[in-house]
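Novice: Coordinates in run-v3.cif, mmCIF, C-alpha atoms, are listed below.
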```cif
data_data
#
loop_
_atom_site.label_atom_id
_atom_site.label_comp_id
_atom_site.auth_asym_id
_atom_site.auth_seq_id
_atom_site.Cartn_x
_atom_site.Cartn_y
_atom_site.Cartn_z
CA MET A 3 -0.79 51.25 71.63
CA ASP A 4 -1.41 47.80 73.12
CA ALA A 5 -0.89 46.22 69.71
CA LEU A 6 2.40 48.10 69.29
CA LEU A 7 3.67 47.03 72.73
CA ARG A 8 2.68 43.44 72.00
CA PHE A 9 4.55 43.57 68.68
CA VAL A 10 7.69 44.96 70.35
CA ARG A 11 7.49 42.33 73.11
CA ASN A 12 7.09 39.49 70.62
CA TRP A 13 9.83 40.57 68.24
CA ALA A 14 12.21 42.50 70.51
CA LEU A 15 15.22 40.38 69.50
CA LEU A 16 14.78 40.96 65.78
CA LEU A 17 14.09 44.66 66.28
CA ALA A 18 17.31 44.92 68.31
CA LEU A 19 19.27 43.26 65.49
CA LEU A 20 17.72 45.64 62.96
CA VAL A 21 18.49 48.76 65.01
CA GLY A 22 22.07 47.67 65.67
CA GLY A 23 22.67 46.72 62.06
CA ILE A 24 21.34 49.97 60.61
CA GLY A 25 23.07 52.21 63.14
CA TYR A 26 26.22 50.15 63.66
CA LYS A 27 28.52 53.16 63.31
CA VAL A 28 26.72 54.84 66.21
CA PHE A 29 26.76 51.81 68.52
CA ILE A 30 30.25 50.41 67.83
CA PRO A 31 32.11 52.87 70.12
CA TYR A 32 30.00 51.65 73.06
CA ALA A 33 30.05 47.92 72.28
CA GLY A 34 32.62 47.24 75.01
CA LYS A 35 30.15 48.45 77.65
CA THR A 36 27.77 45.53 77.03
CA VAL A 37 29.61 43.55 79.71
CA TYR A 38 27.76 45.65 82.31
CA LEU A 39 24.39 44.92 80.72
CA ILE A 40 25.22 41.21 80.65
CA PHE A 41 26.28 41.31 84.31
CA VAL A 42 22.95 42.79 85.44
CA MET A 43 21.01 40.53 83.06
CA LEU A 44 22.61 37.39 84.52
CA LEU A 45 22.12 38.68 88.06
CA PHE A 46 18.35 38.71 87.46
CA THR A 47 18.61 35.23 85.94
CA PHE A 48 20.74 33.65 88.69
CA CYS A 49 18.47 35.04 91.42
CA ARG A 50 15.77 32.85 89.89
CA ILE A 51 17.83 29.62 89.71
CA ASP A 52 18.50 27.33 92.67
CA PRO A 53 22.35 26.95 92.90
CA SER A 54 22.01 23.34 94.10
CA ARG A 55 20.77 22.36 90.63
CA PHE A 56 24.05 23.30 88.92
CA ARG A 57 25.59 19.90 88.18
CA PHE A 58 27.11 17.89 85.34
CA ARG A 59 24.58 15.69 83.52
CA LYS A 60 24.77 12.98 80.90
CA VAL A 61 23.32 15.25 78.23
CA HIS A 62 26.22 17.65 78.74
CA ALA A 63 28.66 14.89 77.79
CA PHE A 64 26.77 14.32 74.53
CA PHE A 65 26.82 18.04 73.77
CA LEU A 66 30.55 18.40 74.49
CA ALA A 67 31.36 15.39 72.32
CA PHE A 68 29.25 16.76 69.46
CA GLN A 69 30.71 20.24 69.81
CA LEU A 70 34.26 18.90 69.49
CA ALA A 71 33.70 16.05 67.01
CA GLY A 72 31.41 18.19 64.85
CA ALA A 73 33.95 21.01 64.66
CA MET A 74 36.83 18.70 63.81
CA GLY A 75 34.82 16.52 61.43
CA SER A 76 33.38 19.44 59.46
CA TYR A 77 36.79 21.14 59.23
CA TYR A 78 38.60 18.10 57.82
CA LEU A 79 35.70 17.19 55.53
CA PHE A 80 35.60 20.61 53.88
CA ARG A 81 39.41 20.70 53.69
CA PHE A 82 39.32 17.29 51.95
CA LEU A 83 36.81 18.71 49.45
CA GLY A 84 39.06 21.72 48.87
CA TRP A 85 36.71 24.27 50.45
CA ASP A 86 39.11 25.84 52.96
CA ASN A 87 37.02 28.93 53.71
CA LEU A 88 33.96 26.81 54.46
CA ALA A 89 36.12 24.55 56.63
CA GLU A 90 37.03 27.28 59.12
CA SER A 91 33.52 28.75 59.03
CA ALA A 92 31.80 25.44 59.81
CA MET A 93 34.37 24.63 62.46
CA MET A 94 33.78 27.91 64.32
CA CYS A 95 29.97 27.71 64.07
CA LEU A 96 30.09 24.30 65.76
CA LEU A 97 32.91 24.93 68.22
CA ALA A 98 31.63 28.30 69.47
CA PRO A 99 30.62 28.16 73.16
CA THR A 100 27.06 28.56 74.34
CA ALA A 101 25.93 32.14 74.96
CA ALA A 102 25.53 33.18 78.60
CA ALA A 103 22.26 34.85 77.64
CA SER A 104 20.81 31.51 76.52
CA ALA A 105 19.72 30.98 80.14
CA VAL A 106 17.44 34.02 79.81
CA VAL A 107 15.66 32.56 76.78
CA THR A 108 15.63 29.07 78.33
CA LEU A 109 13.79 30.31 81.44
CA LYS A 110 11.43 32.43 79.35
CA LEU A 111 10.52 29.33 77.34
CA GLY A 112 9.97 27.31 80.52
CA GLY A 113 13.18 25.26 80.31
CA ASP A 114 15.79 24.21 82.86
CA GLY A 115 17.99 27.28 83.33
CA ALA A 116 20.38 25.46 85.68
CA SER A 117 21.20 22.76 83.11
CA ASN A 118 21.70 25.36 80.42
CA THR A 119 23.92 27.58 82.59
CA THR A 120 26.05 24.58 83.56
CA TYR A 121 26.66 23.87 79.90
CA VAL A 122 27.57 27.51 79.23
CA LEU A 123 30.53 27.07 81.59
CA LEU A 124 31.46 23.61 80.26
CA SER A 125 31.40 24.68 76.61
CA SER A 126 33.46 27.78 77.37
CA LEU A 127 36.07 25.68 79.18
CA LEU A 128 36.17 23.26 76.25
CA VAL A 129 36.84 26.05 73.77
CA SER A 130 39.49 27.65 75.98
CA LEU A 131 41.43 24.35 75.90
CA VAL A 132 40.75 23.16 72.35
CA ALA A 133 41.46 26.43 70.51
CA PRO A 134 45.05 26.88 71.83
CA LEU A 135 45.80 23.15 71.42
CA TRP A 136 44.29 22.46 68.01
CA PHE A 137 44.46 25.72 66.06
CA PRO A 138 48.29 25.82 65.85
CA PHE A 139 48.14 22.52 63.92
CA ILE A 140 45.67 23.83 61.35
CA HIS A 141 46.61 27.50 61.18
CA GLU A 142 50.17 28.76 61.12
CA GLN A 143 49.36 32.15 62.66
CA SER A 144 47.93 30.46 65.79
CA SER A 145 51.29 28.92 66.74
CA GLN A 146 52.68 32.33 67.68
CA LEU A 147 50.63 32.50 70.89
CA PRO A 148 51.69 30.34 73.92
CA PHE A 149 49.10 27.79 75.08
CA TRP A 150 48.46 29.12 78.59
CA THR A 151 48.39 32.70 77.38
CA ALA A 152 45.76 31.81 74.78
CA CYS A 153 43.70 29.90 77.39
CA TRP A 154 43.79 32.84 79.75
CA HIS A 155 42.80 35.31 77.03
CA ILE A 156 39.65 33.28 76.32
CA LEU A 157 38.73 32.48 79.93
CA ARG A 158 39.09 36.03 81.16
CA ARG A 159 36.40 37.07 78.68
CA VAL A 160 33.99 34.41 79.99
CA LEU A 161 34.53 33.63 83.67
CA PRO A 162 34.11 37.14 85.16
CA VAL A 163 30.86 37.61 83.28
CA MET A 164 29.53 34.32 84.67
CA ALA A 165 31.12 34.21 88.13
CA GLY A 166 30.38 37.83 89.07
CA PRO A 167 26.57 37.66 88.75
CA PHE A 168 26.47 34.17 90.27
CA LEU A 169 28.42 35.18 93.38
CA SER A 170 26.41 38.40 93.65
CA ALA A 171 23.14 36.43 93.55
CA MET A 172 24.37 34.11 96.32
CA LEU A 173 25.49 37.09 98.40
CA LEU A 174 22.13 38.80 98.01
CA GLU A 175 20.31 35.62 99.01
CA ARG A 176 22.37 35.36 102.20
CA LEU A 177 22.59 39.02 103.23
CA TRP A 178 19.59 40.73 101.64
CA PRO A 179 16.99 38.05 100.86
CA LYS A 180 14.26 40.61 100.13
CA VAL A 181 16.42 42.22 97.46
CA HIS A 182 17.24 38.76 96.09
CA ASP A 183 13.53 37.90 95.91
CA ALA A 184 12.80 41.18 94.17
CA PHE A 185 15.38 40.37 91.48
CA ALA A 186 13.79 36.93 91.10
CA ARG A 187 10.32 38.45 90.69
CA TRP A 188 11.49 41.01 88.15
CA HIS A 189 13.32 38.45 86.01
CA GLU A 190 11.46 39.71 82.92
CA VAL A 191 13.87 42.66 82.91
CA SER A 192 16.69 40.30 81.94
CA PHE A 193 15.06 39.62 78.57
CA TYR A 194 15.00 43.29 77.62
CA LEU A 195 18.57 43.72 78.82
CA TRP A 196 19.50 40.89 76.47
CA ALA A 197 17.66 42.63 73.63
CA SER A 198 19.72 45.76 74.42
CA CYS A 199 22.91 43.69 74.23
CA LEU A 200 21.85 42.44 70.81
CA VAL A 201 21.87 45.99 69.47
CA PHE A 202 25.60 46.15 70.11
CA ALA A 203 26.17 42.54 69.00
CA SER A 204 24.48 43.31 65.71
CA ALA A 205 26.61 46.42 65.29
CA GLN A 206 29.79 44.37 65.84
CA MET A 207 28.56 41.75 63.40
CA VAL A 208 27.87 44.28 60.64
CA GLN A 209 31.21 45.98 61.18
CA ALA A 210 33.00 42.61 60.92
CA VAL A 211 31.19 41.72 57.69
CA VAL A 212 31.93 45.13 56.17
CA ALA A 213 35.61 44.86 57.16
CA SER A 214 35.88 41.45 55.49
CA HIS A 215 34.99 42.89 52.04
CA THR A 216 33.14 39.66 51.24
CA GLY A 217 31.46 39.45 47.84
CA ARG A 218 27.76 38.71 47.54
CA GLY A 219 28.36 35.19 46.29
CA ASP A 220 30.62 34.22 49.18
CA LEU A 221 28.34 36.00 51.63
CA SER A 222 25.33 34.01 50.39
CA ILE A 223 27.19 30.69 50.66
CA LEU A 224 28.46 31.44 54.17
CA ALA A 225 25.03 32.65 55.30
CA LEU A 226 23.45 29.44 53.98
CA LEU A 227 26.10 27.33 55.71
CA SER A 228 25.52 29.07 59.04
CA LEU A 229 21.74 28.66 58.63
CA VAL A 230 22.07 24.90 58.09
CA LEU A 231 24.39 24.55 61.09
CA CYS A 232 22.16 26.71 63.28
CA LEU A 233 19.01 24.73 62.48
CA SER A 234 20.88 21.44 62.91
CA GLN A 235 22.21 22.36 66.34
CA PHE A 236 18.87 23.58 67.64
CA PHE A 237 17.20 20.41 66.31
CA LEU A 238 19.79 18.00 67.74
CA GLY A 239 19.92 19.92 71.01
CA LYS A 240 16.17 19.59 71.47
CA ARG A 241 16.19 15.89 70.56
CA TRP A 242 19.13 14.97 72.81
CA GLY A 243 17.96 17.31 75.55
CA ALA A 244 14.59 15.57 75.70
CA ARG A 245 16.10 12.09 75.52
CA PHE A 246 19.10 12.37 77.84
CA GLY A 247 18.38 15.45 79.93
CA GLY A 248 14.61 15.49 80.21
CA ASP A 249 14.38 19.05 78.84
CA SER A 250 14.20 19.82 75.13
CA VAL A 251 14.14 23.59 75.67
CA ALA A 252 17.40 23.71 77.63
CA GLY A 253 18.95 21.26 75.15
CA GLY A 254 18.04 23.34 72.13
CA GLN A 255 19.36 26.55 73.67
CA SER A 256 22.53 24.88 74.99
CA LEU A 257 23.56 23.50 71.62
CA GLY A 258 22.00 26.08 69.30
CA GLN A 259 22.46 29.52 70.86
CA LYS A 260 26.10 30.50 70.54
CA ASN A 261 28.31 33.20 72.02
CA MET A 262 29.18 34.51 68.58
CA ILE A 263 30.79 37.70 69.85
CA LEU A 264 33.37 35.57 71.67
CA ALA A 265 33.64 33.28 68.62
CA ILE A 266 34.29 36.28 66.35
CA TRP A 267 36.99 37.46 68.75
CA ILE A 268 38.59 33.97 68.79
CA ALA A 269 38.53 33.80 64.97
CA ASP A 270 40.10 37.24 64.74
CA MET A 271 42.74 36.17 67.27
CA PHE A 272 43.67 32.70 65.92
CA LEU A 273 42.55 32.52 62.28
CA VAL A 274 43.92 35.68 60.67
CA PRO A 275 45.03 34.87 57.08
CA ALA A 276 48.77 34.85 56.41
CA HIS A 277 48.37 37.90 54.12
CA GLY A 278 46.46 39.75 56.83
CA GLY A 279 42.87 40.97 56.78
CA THR A 280 39.70 39.61 58.36
CA PRO A 281 39.05 35.83 58.59
CA LEU A 282 36.19 34.80 56.32
CA ALA A 283 34.79 32.66 59.15
CA ILE A 284 33.68 35.89 60.84
CA VAL A 285 31.06 36.36 58.12
CA ALA A 286 29.48 32.97 58.90
CA LEU A 287 29.58 33.70 62.63
CA GLY A 288 27.95 37.07 62.06
CA THR A 289 25.07 35.65 60.04
CA TYR A 290 24.62 32.91 62.66
CA ILE A 291 23.66 35.68 65.11
CA ILE A 292 20.75 36.57 62.85
CA TRP A 293 19.55 32.98 62.42
CA GLN A 294 19.66 32.06 66.11
CA ASN A 295 17.67 35.14 67.08
CA ILE A 296 15.08 34.52 64.38
CA ILE A 297 14.62 31.03 65.84
CA ASN A 298 14.44 32.38 69.40
CA SER A 299 11.93 35.06 68.38
CA TRP A 300 9.74 32.46 66.70
CA GLN A 301 9.93 30.19 69.78
CA LEU A 302 8.99 33.06 72.10
CA TRP A 303 6.12 34.10 69.83
CA ARG A 304 4.81 30.51 69.75
CA LYS A 305 5.14 30.25 73.54
CA ARG A 306 3.09 33.43 74.08
CA ARG A 307 0.49 32.24 71.61
CA GLN A 308 0.13 28.93 73.45
CA GLU A 309 -0.17 30.73 76.79
CA ALA A 310 -2.81 33.06 75.37
CA ALA A 311 -4.76 30.11 74.02
#
```
Once you've parsed the file, please lay out its structure as structure tokens.
Specialist:
Amino acid sequence: MDALLRFVRNWALLLALLVGGIGYKVFIPYAGKTVYLIFVMLLFTFCRIDPSRFRFRKVHAFFLAFQLAGAMGSYYLFRFLGWDNLAESAMMCLLAPTAAASAVVTLKLGGDGASNTTYVLLSSLLVSLVAPLWFPFIHEQSSQLPFWTACWHILRRVLPVMAGPFLSAMLLERLWPKVHDAFARWHEVSFYLWASCLVFASAQMVQAVVASHTGRGDLSILALLSLVLCLSQFFLGKRWGARFGGDSVAGGQSLGQKNMILAIWIADMFLVPAHGGTPLAIVALGTYIIWQNIINSWQLWRKRRQEAA
């Protein structure tokens, strides 16, 4: 029994992806309820982080510049080569904002959760401005949505999820400090809440891939592209995080772990083909979910092994 519990604890993220992928038809109707799981998960996380440490840092500027320049550069490079489907896929894998849950993994790996959470907000703001401004120039369907309307559609899916738990944590600290401290002590719960969220994220990813009717050849190419981009962003994030921010863990998670559910929604909103159907970029974004959680699972396993040693 101990060995089974240890296995589940070490590989909870991958098991969640597997369960959600296999039973996606069962979980899809409830996918919209994950916002409540994320709220409670972040409440545990924010009760553990000192609010005074939320501030803009030099490393965040490097990450924002890379996120924007990388997305634009990869898009125009692949378009120049005549690979239009790869262009949008690479662009979205690089432009996608950092996942709110990355703070959970960052803290679990011993990184700076405040730096990571700050970048979650910054990257989400960047996307909410860039997508409505840039996409109409590269995709005809995007021009039909007014700029401020598009901004608001993106922000309203991000800000409440971040601001609600943060304000609740501050309120608990001021009014009920014992409850606040209890949430801080039980922060391990946030990891398993995140694993629960991944069940529904995996279900949404599988449904999106199935709806796209992508052939095996295209699926393999897009999966390989998302793998290369995922590994590159984790690697660069760790390098730049250590050099400019003093924390390789927070850097890797900030640049590598993406809010792909939001990215899939943005692609489905802005990048619908002229003939209708599902944007092919969604396939790359869906496979990115698998790669980033394989990396996170390996990092968590290595961390536990080092602690045990």
Novice: Edge lengths and centre in Å to one decimal, as lines of an AutoDock Vina configuration file, of the axis-aligned box that encloses all listed atoms of region 93-96 of chain A with 4 Å added on every side?
Specialist:
```
center_x = 32.2
center_y = 26.1
center_z = 64.1
size_x = 12.4
size_y = 11.6
size_z = 11.3
```
Novice: Got a sec to resolve the PyMOL selection byres ((chain A and resi 85-99) around 6) on this structure and send the residues as a PyMOL selection string?
Specialist: chain A and resi 69+73+77+80-81+83-84+100+125-126+260-261+265+283+286
Novice: Please return as number ranges by chain every residue within 12 Å of (44.1, 37.0, 75.9), taking into account all atoms listed in the file and the file's own coordinates.
Specialist: A: 130, 134, 147-160, 264, 267-268, 270-272
Novice: If I take CA of Gly253 (chain A) and CA of Phe64 (chain A), how far is one from the other in Å, to one decimal?
Specialist: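 Going from CA of Gly253 (chain A) over to CA of Phe64 (chain A) covers 10.5 Å.
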Novice: Apply the PyMOL selection byres ((chain A and resi 198) around 12) to the displayed file and report the matching residues as a count of residues only.
Specialist: 35
Novice: Just the number, please: distance in Å from CA of Asp52 (chain A) to CA of Leu173 (chain A), one decimal.
Specialist: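 Going from CA of Asp52 (chain A) over to CA of Leu173 (chain A), I get 13.3 Å.
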Novice: From the options A:Val230, A:Val208, A:Val251, A:Leu257, which residue's atoms come nearest to Ile284 (chain A), counting all atoms listed in the file?
Specialist: A:Val208
Novice: Suppose you want the space between CA of Gly166 (chain A) and CA of Ala133 (chain A); what is it in Å?
Specialist: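 Between CA of Gly166 (chain A) and CA of Ala133 (chain A) the gap works out to 24.4 Å.
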Novice: Enumerate, as a PyMOL selection string, the residues matched when the PyMOL selection byres ((chain A and resi 182) around 10) is run on the file above.
Specialist: chain A and resi 45-46+48-50+170-181+183-187
Novice: With C-alpha atoms retained, export the selected residues as a PDB file, keeping the file's coordinate frame.
Specialist:
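After the write, part-v5.pdb holds the following:
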```pdb
ATOM      1  CA  LEU A  45      22.120  38.680  88.060  1.00  0.00           C
ATOM      2  CA  PHE A  46      18.350  38.710  87.460  1.00  0.00           C
ATOM      3  CA  PHE A  48      20.740  33.650  88.690  1.00  0.00           C
ATOM      4  CA  CYS A  49      18.470  35.040  91.420  1.00  0.00           C
ATOM      5  CA  ARG A  50      15.770  32.850  89.890  1.00  0.00           C
ATOM      6  CA  SER A 170      26.410  38.400  93.650  1.00  0.00           C
ATOM      7  CA  ALA A 171      23.140  36.430  93.550  1.00  0.00           C
ATOM      8  CA  MET A 172      24.370  34.110  96.320  1.00  0.00           C
ATOM      9  CA  LEU A 173      25.490  37.090  98.400  1.00  0.00           C
ATOM     10  CA  LEU A 174      22.130  38.800  98.010  1.00  0.00           C
ATOM     11  CA  GLU A 175      20.310  35.620  99.010  1.00  0.00           C
ATOM     12  CA  ARG A 176      22.370  35.360 102.200  1.00  0.00           C
ATOM     13  CA  LEU A 177      22.590  39.020 103.230  1.00  0.00           C
ATOM     14  CA  TRP A 178      19.590  40.730 101.640  1.00  0.00           C
ATOM     15  CA  PRO A 179      16.990  38.050 100.860  1.00  0.00           C
ATOM     16  CA  LYS A 180      14.260  40.610 100.130  1.00  0.00           C
ATOM     17  CA  VAL A 181      16.420  42.220  97.460  1.00  0.00           C
ATOM     18  CA  ASP A 183      13.530  37.900  95.910  1.00  0.00           C
ATOM     19  CA  ALA A 184      12.800  41.180  94.170  1.00  0.00           C
ATOM     20  CA  PHE A 185      15.380  40.370  91.480  1.00  0.00           C
ATOM     21  CA  ALA A 186      13.790  36.930  91.100  1.00  0.00           C
ATOM     22  CA  ARG A 187      10.320  38.450  90.690  1.00  0.00           C
TER      23      ARG A 187
END
```
Novice: Leaving out Ala105 (chain A) and any residue of its chain fewer than 2 positions from it, which residues lie within 7 Å of it when counting all atoms listed in the file, given as a PyMOL selection string?
Specialist: chain A and resi 102-103+107-109+115+118-119
Novice: Counting only C-alpha atoms, what is within 12 Å of region 237-250 of chain A, bar same-chain residues fewer than 3 positions away, as a PyMOL selection string?
Specialist: chain A and resi 57-66+68-69+72+100+108-109+111-118+121+230-234+253-259+294+297
